[in-house]
Amino acid sequence: MSEQNHIKLADESLARQTTTLNLGPTHPATHGVFQNILEVDGERVLKAEPTVGYIHRAFEKIAERRPYYQITPLTDRLNYCSAPINNIGWHLTVEKLLGIKTPKRVDYLRVIIMELARIADHLVCNSVIGVDTGALTGFTYVFQYREKIYEIYEEICGSPLTTNIGRFGGFERNFSDTAWAKIDAFMKTFPKAFNEFETLLNRNRIFMDRCIGAGPLTAEMALNYSVTGPNLRAAGIDYDLRVAQPYSSYEDFSFNIPVGTTGDVYDRYLVRNAEVWESFGIIKQALEKLKDLDPSVYHADVPEFYLPDKKDVYTKMEALIYHFKIVMGETDMLPGEVYNAVEGANGELGYYLISDGGRSPYRLHFRRPCFIYYQIYPEIIKNGLLSDAIITLSSLNLIAGEMDA
Amino acid sequence: MALTHEHIIRLLQEKFADPQLTFEEPYGLLTVTAPAEMNLKLLQFLHDEASLQFRFLTDITAVHYPDRKGEELCVVYHLHNLKENVRLRMKIYVPVEKPDVFTATKLFAGANWMERETYDFFGINFVGHPDLRRILNVDEMDYFPMRKEYTLEDPTRTDKDDEMFGR
């Protein structure tokens with residue numbers, strides 16, 4: 001196909017003297033590989049046509065051939081800004097299928113990791129809104145704290161970005177002393193830095209003028225378009241899966257669901273900031289609750305699905321058998337059909353799993369929140385300025401890996 | 001009054017009185033299986049009926065069962081009543097030769113891309129969809145890759161034995 005065929009002009013754009021502008025696929029402001037073909041009249045956006053799928057990797061198809069435990073690394077390549085939530089969401093789905101009940105300590109450790117991931121994700125998103133409005137300083141302040149969170153992951157699972165954290169039934173190893181020290185250091189230093197970030201932007205006249213009224217989203221529209229997560233809450237709907245359908249013992253924690261009113265960029269920004277504080281509070285409560293629990297527990301007692309200790313593999317017959325069966329993916333799974341969802345950092349992250357009892361899923365579908373809510377983008381930037389379109393894009397917290405699966 | 005599964009089942013049976021309407025509850029999630037031509041009527045009723053109000057469309061996807069003759073493709077809807085916090089799954093079976101299903105885009109704007117994705121991977125033809133094009137795969141693709149006849153491994157390879165490790 002010749003290059004000419006790929007150049008698409010909007011109908012009648014010549015007569016109307018409008019300009020067709022390609023925003024993306026690799027534009028610094030798109031923060032990921034996706035394209036928007038905009039029709040602009042001067043600085044006003046008349047029409048946007050999003051194209052997605054540039055990094056589609058067929059995870060759902062690959063998952064139909066892999067043993068269950070090998071699907072975990074696929075999930076953390078969906079939303080790579082908060083990979084542990086994806087991993088743990090998948091573990092919870094399989095545990096639901098198998099009926100595994102995890103000990104309280106595992107739940108609380110998971111809560112700590114998931115809330116750290118949420119903080120990291122929101123830090124990236126909100127500081128990048130700052131960057132796109134021209135305020136780089138806030139970004140440099142908080143980004144080192146994202147790095148500190150990544151160091152905590154690294155201490156627990158060995159890898160900072162695509163984490164592959166945890167196993168079915170719990171964690172692969174107990175948290176080390178260094179990990180606890182890093183978590184404590186984070187808890188001590190983070191509030192000050194985040195306060196500083198908020199002072200820089202929250203009541204900053206220039207920032208407010210840029211964000212207030214940009215890309216507004218009404219509650220009706222958000223619901224009709226199946227928007228979830230902070231974007232829905234910024235529109236005024238208090239739907240949060242951690243409260244609506246508590247998983248991993250979230251019912252033991254007390255926290256608020258921050259909501260906005262107008263659903264514009266500024267509201268989304270404020271909602272995420274407030275959620276960072278709520279997550280911080282949850283981690284604090286979890287650390288407090290952990291003090292009363294046996295510190296040696298870090299996984300459920302499910303030898304059929306949880307990889308045994310390496311030293312047992314060499315000395316005990318059962319451990320050797322289980323080790324072999326798990327690694328080769330020969331463990332029998334229960335047939336069944338499960339939909340399980342967790343509150344991801346940008347919305348309801350669902351796993352629809354059909355198992356026929358075989359070594360890999362018969363069908364696995366990821367409900368990827370940002371794929372679904374990216375549909376609203378052309379609607380909410382219509383008739384706004386091009387510069388508003390840019391910050392609207394960053395405020396939606398779109399992750400290309402998740403969108404394209 | 002809390003919205004119970006019994007209430008939903010009773011209302012649906014009263015309204016449609018169709019023996020093809022079946023109900024099950026895998027892992028506590030009420031699943032309604034309906035004939036293909038009924039999907040829009042059912043969605044509309046679930047959406048509008050005052051005591052049901054399933055107004056949030058969580059997800060649309062499909063599953064391919066090559067062995068079920070005449071109902072190879074299954075379209076799965078996940079609905080949510082946010083007020084009562086009740087979920088519902090709806091399933092529609094269609095033959096692979098004529099995978100026509102009415103679109104839900106008139107009821108839920110968000111169904112647009114979900115249906116495009118389902119079309120892209122399974123070839124479900126959503127009748128009445130405003131813009132039924134491929135979304136994640138390239139436009140030039142001429143098959144529907146999530147169907148079971150397309151194996152992940154290259155079928156022409158002879159150097160790999162799948163007896164032990166493959167599905």
# chains A, B, ... in the order shown; residues from 1 in each chain; ligands from 1
>>> interface_residues(of="chain A", to="chain B", cutoff="7 Å", atoms="only C-alpha atoms", output="MDAnalysis selection string")
chainID A and resid 52:53 56 61:62 65 223:226 244 337:338 363 367 372 404
>>> select_by_dssp(residues="region 46-147 of chain B", states="strand (DSSP E)", output="PDB file with C-alpha atoms, in the first residue's frame")
ATOM      1  CA  PHE B  56     -23.458  -0.129  33.822  1.00  0.00           C
ATOM      2  CA  LEU B  57     -21.916  -2.278  31.132  1.00  0.00           C
ATOM      3  CA  THR B  58     -18.741  -3.730  32.574  1.00  0.00           C
ATOM      4  CA  ASP B  59     -17.558  -5.779  29.661  1.00  0.00           C
ATOM      5  CA  ILE B  60     -18.369  -7.509  26.389  1.00  0.00           C
ATOM      6  CA  THR B  61     -16.309 -10.382  25.115  1.00  0.00           C
ATOM      7  CA  ALA B  62     -16.713 -13.694  23.320  1.00  0.00           C
ATOM      8  CA  VAL B  63     -15.660 -17.320  23.633  1.00  0.00           C
ATOM      9  CA  HIS B  64     -15.220 -19.847  20.854  1.00  0.00           C
ATOM     10  CA  LEU B  73     -19.532 -18.564  19.403  1.00  0.00           C
ATOM     11  CA  CYS B  74     -20.672 -17.247  22.747  1.00  0.00           C
ATOM     12  CA  VAL B  75     -20.976 -13.517  23.367  1.00  0.00           C
ATOM     13  CA  VAL B  76     -20.654 -12.654  27.051  1.00  0.00           C
ATOM     14  CA  TYR B  77     -21.935  -9.455  28.617  1.00  0.00           C
ATOM     15  CA  HIS B  78     -21.125  -8.411  32.153  1.00  0.00           C
ATOM     16  CA  LEU B  79     -23.617  -5.953  33.590  1.00  0.00           C
ATOM     17  CA  HIS B  80     -23.591  -4.142  36.884  1.00  0.00           C
ATOM     18  CA  ASN B  81     -26.269  -2.444  38.926  1.00  0.00           C
ATOM     19  CA  VAL B  86     -25.254  -6.599  41.902  1.00  0.00           C
ATOM     20  CA  ARG B  87     -23.537  -8.088  38.886  1.00  0.00           C
ATOM     21  CA  LEU B  88     -25.116 -10.116  36.130  1.00  0.00           C
ATOM     22  CA  ARG B  89     -23.654 -12.098  33.272  1.00  0.00           C
ATOM     23  CA  MET B  90     -25.555 -12.602  30.039  1.00  0.00           C
ATOM     24  CA  LYS B  91     -24.634 -15.121  27.378  1.00  0.00           C
ATOM     25  CA  ILE B  92     -25.729 -15.404  23.778  1.00  0.00           C
ATOM     26  CA  TYR B  93     -24.781 -18.316  21.531  1.00  0.00           C
ATOM     27  CA  VAL B  94     -24.521 -17.843  17.777  1.00  0.00           C
ATOM     28  CA  ASP B 100     -25.060 -11.917  13.899  1.00  0.00           C
ATOM     29  CA  VAL B 101     -25.837 -10.197  17.190  1.00  0.00           C
ATOM     30  CA  PHE B 102     -27.676  -6.933  17.728  1.00  0.00           C
ATOM     31  CA  ASN B 125     -21.077  -9.243  13.463  1.00  0.00           C
ATOM     32  CA  PHE B 126     -22.789  -6.640  15.615  1.00  0.00           C
ATOM     33  CA  VAL B 127     -25.801  -5.636  13.553  1.00  0.00           C
TER      34      VAL B 127
END
>>> residues_around(residues="Ser51 (chain B)", least_positions_apart="4", cutoff="9 Å", atoms="only C-alpha atoms", output="PyMOL selection string")
chain B and resi 3+8+46
>>> select_by_dssp(residues="region 50-219 of chain A", states="alpha helix (DSSP H)", output="PyMOL selection string")
chain A and resi 59-63+72-75+83-98+104-132+136-157+177-201+205-211+219
>>> atom_distance(atom1="CA of Trp180 (chain A)", atom2="CA of Ile113 (chain A)")
11.8 Å
>>> residues_around(residues="region 163-165 of chain A", least_positions_apart="2", cutoff="6 Å", atoms="only C-alpha atoms", output="list in words")
Thr72, Pro73, Cys157, Ser159, Pro160 and Leu161 of chain A
>>> closest_residue(among="B:Glu149, B:Asp18, B:Asp139, B:Asp48", to="Glu72 (chain B)", atoms="only C-alpha atoms")
B:Glu149
>>> residues_around(residues="Ile124 (chain B)", least_positions_apart="4", cutoff="7 Å", atoms="only C-alpha atoms", output="PyMOL selection string")
chain B and resi 99-100+118-119
>>> decode(residues="region 104-247 of chain A", atoms="C-alpha atoms", output="PDB file, in the first residue's frame")
ATOM      1  CA  LYS A 104      -4.789 -12.402  57.041  1.00  0.00           C
ATOM      2  CA  ARG A 105      -1.118 -11.543  56.966  1.00  0.00           C
ATOM      3  CA  VAL A 106      -0.918 -12.334  53.258  1.00  0.00           C
ATOM      4  CA  ASP A 107      -3.933 -10.109  52.641  1.00  0.00           C
ATOM      5  CA  TYR A 108      -2.354  -7.226  54.529  1.00  0.00           C
ATOM      6  CA  LEU A 109       1.000  -7.615  52.812  1.00  0.00           C
ATOM      7  CA  ARG A 110      -0.836  -7.572  49.495  1.00  0.00           C
ATOM      8  CA  VAL A 111      -2.738  -4.476  50.542  1.00  0.00           C
ATOM      9  CA  ILE A 112       0.540  -2.732  51.347  1.00  0.00           C
ATOM     10  CA  ILE A 113       1.989  -3.630  47.956  1.00  0.00           C
ATOM     11  CA  MET A 114      -1.159  -2.703  46.049  1.00  0.00           C
ATOM     12  CA  GLU A 115      -1.464   0.645  47.774  1.00  0.00           C
ATOM     13  CA  LEU A 116       2.205   1.419  47.166  1.00  0.00           C
ATOM     14  CA  ALA A 117       1.560   0.624  43.515  1.00  0.00           C
ATOM     15  CA  ARG A 118      -1.455   2.924  43.490  1.00  0.00           C
ATOM     16  CA  ILE A 119       0.646   5.725  44.966  1.00  0.00           C
ATOM     17  CA  ALA A 120       3.363   5.150  42.353  1.00  0.00           C
ATOM     18  CA  ASP A 121       0.822   5.166  39.535  1.00  0.00           C
ATOM     19  CA  HIS A 122      -0.925   8.322  40.734  1.00  0.00           C
ATOM     20  CA  LEU A 123       2.423  10.057  41.250  1.00  0.00           C
ATOM     21  CA  VAL A 124       3.353   9.440  37.634  1.00  0.00           C
ATOM     22  CA  CYS A 125       0.001  10.557  36.307  1.00  0.00           C
ATOM     23  CA  ASN A 126      -0.350  13.700  38.399  1.00  0.00           C
ATOM     24  CA  SER A 127       3.215  14.868  38.081  1.00  0.00           C
ATOM     25  CA  VAL A 128       2.969  14.385  34.318  1.00  0.00           C
ATOM     26  CA  ILE A 129      -0.084  16.646  34.211  1.00  0.00           C
ATOM     27  CA  GLY A 130       2.280  19.190  35.788  1.00  0.00           C
ATOM     28  CA  VAL A 131       4.902  18.512  33.136  1.00  0.00           C
ATOM     29  CA  ASP A 132       2.391  18.935  30.334  1.00  0.00           C
ATOM     30  CA  THR A 133       1.286  22.277  31.733  1.00  0.00           C
ATOM     31  CA  GLY A 134       4.906  23.372  31.882  1.00  0.00           C
ATOM     32  CA  ALA A 135       5.751  22.738  35.534  1.00  0.00           C
ATOM     33  CA  LEU A 136       8.594  20.240  35.604  1.00  0.00           C
ATOM     34  CA  THR A 137       9.658  20.860  39.204  1.00  0.00           C
ATOM     35  CA  GLY A 138       6.888  18.885  40.873  1.00  0.00           C
ATOM     36  CA  PHE A 139       7.669  15.925  38.674  1.00  0.00           C
ATOM     37  CA  THR A 140      11.305  15.866  39.770  1.00  0.00           C
ATOM     38  CA  TYR A 141      10.249  16.083  43.425  1.00  0.00           C
ATOM     39  CA  VAL A 142       7.936  13.103  43.477  1.00  0.00           C
ATOM     40  CA  PHE A 143       9.554  10.920  40.864  1.00  0.00           C
ATOM     41  CA  GLN A 144      12.303   9.883  43.242  1.00  0.00           C
ATOM     42  CA  TYR A 145       9.583   8.552  45.533  1.00  0.00           C
ATOM     43  CA  ARG A 146       8.265   6.387  42.751  1.00  0.00           C
ATOM     44  CA  GLU A 147      11.819   5.109  42.497  1.00  0.00           C
ATOM     45  CA  LYS A 148      11.803   4.356  46.231  1.00  0.00           C
ATOM     46  CA  ILE A 149       8.597   2.356  45.806  1.00  0.00           C
ATOM     47  CA  TYR A 150      10.255   0.462  42.972  1.00  0.00           C
ATOM     48  CA  GLU A 151      13.157  -0.309  45.263  1.00  0.00           C
ATOM     49  CA  ILE A 152      10.694  -1.809  47.726  1.00  0.00           C
ATOM     50  CA  TYR A 153       9.265  -4.062  44.995  1.00  0.00           C
ATOM     51  CA  GLU A 154      12.781  -4.998  44.026  1.00  0.00           C
ATOM     52  CA  GLU A 155      13.580  -5.996  47.573  1.00  0.00           C
ATOM     53  CA  ILE A 156      10.477  -8.204  47.702  1.00  0.00           C
ATOM     54  CA  CYS A 157      10.370  -9.828  44.278  1.00  0.00           C
ATOM     55  CA  GLY A 158      13.668  -8.946  42.623  1.00  0.00           C
ATOM     56  CA  SER A 159      12.400  -6.694  39.908  1.00  0.00           C
ATOM     57  CA  PRO A 160      11.304  -3.061  39.898  1.00  0.00           C
ATOM     58  CA  LEU A 161       9.074  -2.555  36.849  1.00  0.00           C
ATOM     59  CA  THR A 162       7.549  -5.756  35.520  1.00  0.00           C
ATOM     60  CA  THR A 163       7.330  -7.264  38.935  1.00  0.00           C
ATOM     61  CA  ASN A 164       5.833 -10.763  38.689  1.00  0.00           C
ATOM     62  CA  ILE A 165       5.225 -10.325  42.408  1.00  0.00           C
ATOM     63  CA  GLY A 166       3.697 -13.050  44.550  1.00  0.00           C
ATOM     64  CA  ARG A 167       2.398 -16.522  43.769  1.00  0.00           C
ATOM     65  CA  PHE A 168      -0.990 -18.213  44.020  1.00  0.00           C
ATOM     66  CA  GLY A 169      -1.628 -18.263  47.744  1.00  0.00           C
ATOM     67  CA  GLY A 170       0.782 -15.564  48.824  1.00  0.00           C
ATOM     68  CA  PHE A 171       4.287 -14.285  48.250  1.00  0.00           C
ATOM     69  CA  GLU A 172       7.301 -16.182  46.996  1.00  0.00           C
ATOM     70  CA  ARG A 173       9.290 -15.234  50.095  1.00  0.00           C
ATOM     71  CA  ASN A 174       8.801 -13.305  53.288  1.00  0.00           C
ATOM     72  CA  PHE A 175       9.593  -9.589  53.292  1.00  0.00           C
ATOM     73  CA  SER A 176      13.232  -9.107  54.209  1.00  0.00           C
ATOM     74  CA  ASP A 177      14.459  -6.721  56.903  1.00  0.00           C
ATOM     75  CA  THR A 178      15.766  -4.427  54.182  1.00  0.00           C
ATOM     76  CA  ALA A 179      12.319  -4.354  52.610  1.00  0.00           C
ATOM     77  CA  TRP A 180      10.733  -3.356  55.930  1.00  0.00           C
ATOM     78  CA  ALA A 181      13.429  -0.734  56.462  1.00  0.00           C
ATOM     79  CA  LYS A 182      12.722   0.695  53.017  1.00  0.00           C
ATOM     80  CA  ILE A 183       8.979   0.738  53.649  1.00  0.00           C
ATOM     81  CA  ASP A 184       9.531   2.529  56.973  1.00  0.00           C
ATOM     82  CA  ALA A 185      11.863   5.056  55.359  1.00  0.00           C
ATOM     83  CA  PHE A 186       9.279   5.686  52.662  1.00  0.00           C
ATOM     84  CA  MET A 187       6.504   6.167  55.200  1.00  0.00           C
ATOM     85  CA  LYS A 188       8.616   8.686  57.107  1.00  0.00           C
ATOM     86  CA  THR A 189       9.786  10.824  54.199  1.00  0.00           C
ATOM     87  CA  PHE A 190       6.977  10.636  51.670  1.00  0.00           C
ATOM     88  CA  PRO A 191       4.363  12.917  53.338  1.00  0.00           C
ATOM     89  CA  LYS A 192       6.700  15.882  53.380  1.00  0.00           C
ATOM     90  CA  ALA A 193       7.636  15.497  49.733  1.00  0.00           C
ATOM     91  CA  PHE A 194       4.063  14.980  48.633  1.00  0.00           C
ATOM     92  CA  ASN A 195       2.917  17.977  50.645  1.00  0.00           C
ATOM     93  CA  GLU A 196       5.514  20.004  48.861  1.00  0.00           C
ATOM     94  CA  PHE A 197       4.253  18.696  45.515  1.00  0.00           C
ATOM     95  CA  GLU A 198       0.723  19.696  46.430  1.00  0.00           C
ATOM     96  CA  THR A 199       1.813  23.173  47.523  1.00  0.00           C
ATOM     97  CA  LEU A 200       3.507  23.607  44.177  1.00  0.00           C
ATOM     98  CA  LEU A 201       0.470  22.822  42.082  1.00  0.00           C
ATOM     99  CA  ASN A 202      -2.853  22.598  43.930  1.00  0.00           C
ATOM    100  CA  ARG A 203      -3.425  26.332  44.350  1.00  0.00           C
ATOM    101  CA  ASN A 204      -1.032  27.435  41.651  1.00  0.00           C
ATOM    102  CA  ARG A 205      -2.863  30.102  39.628  1.00  0.00           C
ATOM    103  CA  ILE A 206      -1.319  29.123  36.296  1.00  0.00           C
ATOM    104  CA  PHE A 207      -1.925  25.417  36.867  1.00  0.00           C
ATOM    105  CA  MET A 208      -5.511  26.009  37.945  1.00  0.00           C
ATOM    106  CA  ASP A 209      -6.228  28.235  34.951  1.00  0.00           C
ATOM    107  CA  ARG A 210      -4.920  25.562  32.652  1.00  0.00           C
ATOM    108  CA  CYS A 211      -6.775  22.667  34.261  1.00  0.00           C
ATOM    109  CA  ILE A 212     -10.120  23.948  35.470  1.00  0.00           C
ATOM    110  CA  GLY A 213     -12.761  23.365  32.843  1.00  0.00           C
ATOM    111  CA  ALA A 214     -10.487  21.375  30.542  1.00  0.00           C
ATOM    112  CA  GLY A 215     -11.884  18.047  29.321  1.00  0.00           C
ATOM    113  CA  PRO A 216     -14.998  17.992  31.525  1.00  0.00           C
ATOM    114  CA  LEU A 217     -16.818  14.694  31.952  1.00  0.00           C
ATOM    115  CA  THR A 218     -20.322  14.496  33.360  1.00  0.00           C
ATOM    116  CA  ALA A 219     -21.447  11.629  35.582  1.00  0.00           C
ATOM    117  CA  GLU A 220     -24.097  10.483  33.080  1.00  0.00           C
ATOM    118  CA  MET A 221     -21.602  10.334  30.276  1.00  0.00           C
ATOM    119  CA  ALA A 222     -19.003   8.598  32.419  1.00  0.00           C
ATOM    120  CA  LEU A 223     -21.480   5.869  33.384  1.00  0.00           C
ATOM    121  CA  ASN A 224     -22.774   5.468  29.858  1.00  0.00           C
ATOM    122  CA  TYR A 225     -19.228   5.026  28.581  1.00  0.00           C
ATOM    123  CA  SER A 226     -18.355   2.506  31.345  1.00  0.00           C
ATOM    124  CA  VAL A 227     -15.658   4.745  32.803  1.00  0.00           C
ATOM    125  CA  THR A 228     -14.218   3.490  36.083  1.00  0.00           C
ATOM    126  CA  GLY A 229     -11.557   4.454  38.579  1.00  0.00           C
ATOM    127  CA  PRO A 230     -10.439   7.980  39.490  1.00  0.00           C
ATOM    128  CA  ASN A 231     -11.901   9.357  36.260  1.00  0.00           C
ATOM    129  CA  LEU A 232     -15.371   8.171  37.245  1.00  0.00           C
ATOM    130  CA  ARG A 233     -14.947   9.357  40.821  1.00  0.00           C
ATOM    131  CA  ALA A 234     -13.844  12.790  39.603  1.00  0.00           C
ATOM    132  CA  ALA A 235     -17.203  12.967  37.823  1.00  0.00           C
ATOM    133  CA  GLY A 236     -18.924  12.456  41.178  1.00  0.00           C
ATOM    134  CA  ILE A 237     -19.714   8.717  41.353  1.00  0.00           C
ATOM    135  CA  ASP A 238     -18.354   7.037  44.473  1.00  0.00           C
ATOM    136  CA  TYR A 239     -17.753   3.643  42.912  1.00  0.00           C
ATOM    137  CA  ASP A 240     -14.647   1.974  44.263  1.00  0.00           C
ATOM    138  CA  LEU A 241     -14.283  -1.796  44.164  1.00  0.00           C
ATOM    139  CA  ARG A 242     -12.269  -1.799  47.379  1.00  0.00           C
ATOM    140  CA  VAL A 243     -15.498  -0.779  49.091  1.00  0.00           C
ATOM    141  CA  ALA A 244     -18.140  -2.156  46.730  1.00  0.00           C
ATOM    142  CA  GLN A 245     -16.711  -5.679  46.580  1.00  0.00           C
ATOM    143  CA  PRO A 246     -13.870  -5.877  49.071  1.00  0.00           C
ATOM    144  CA  TYR A 247     -11.097  -8.302  48.203  1.00  0.00           C
TER     145      TYR A 247
END
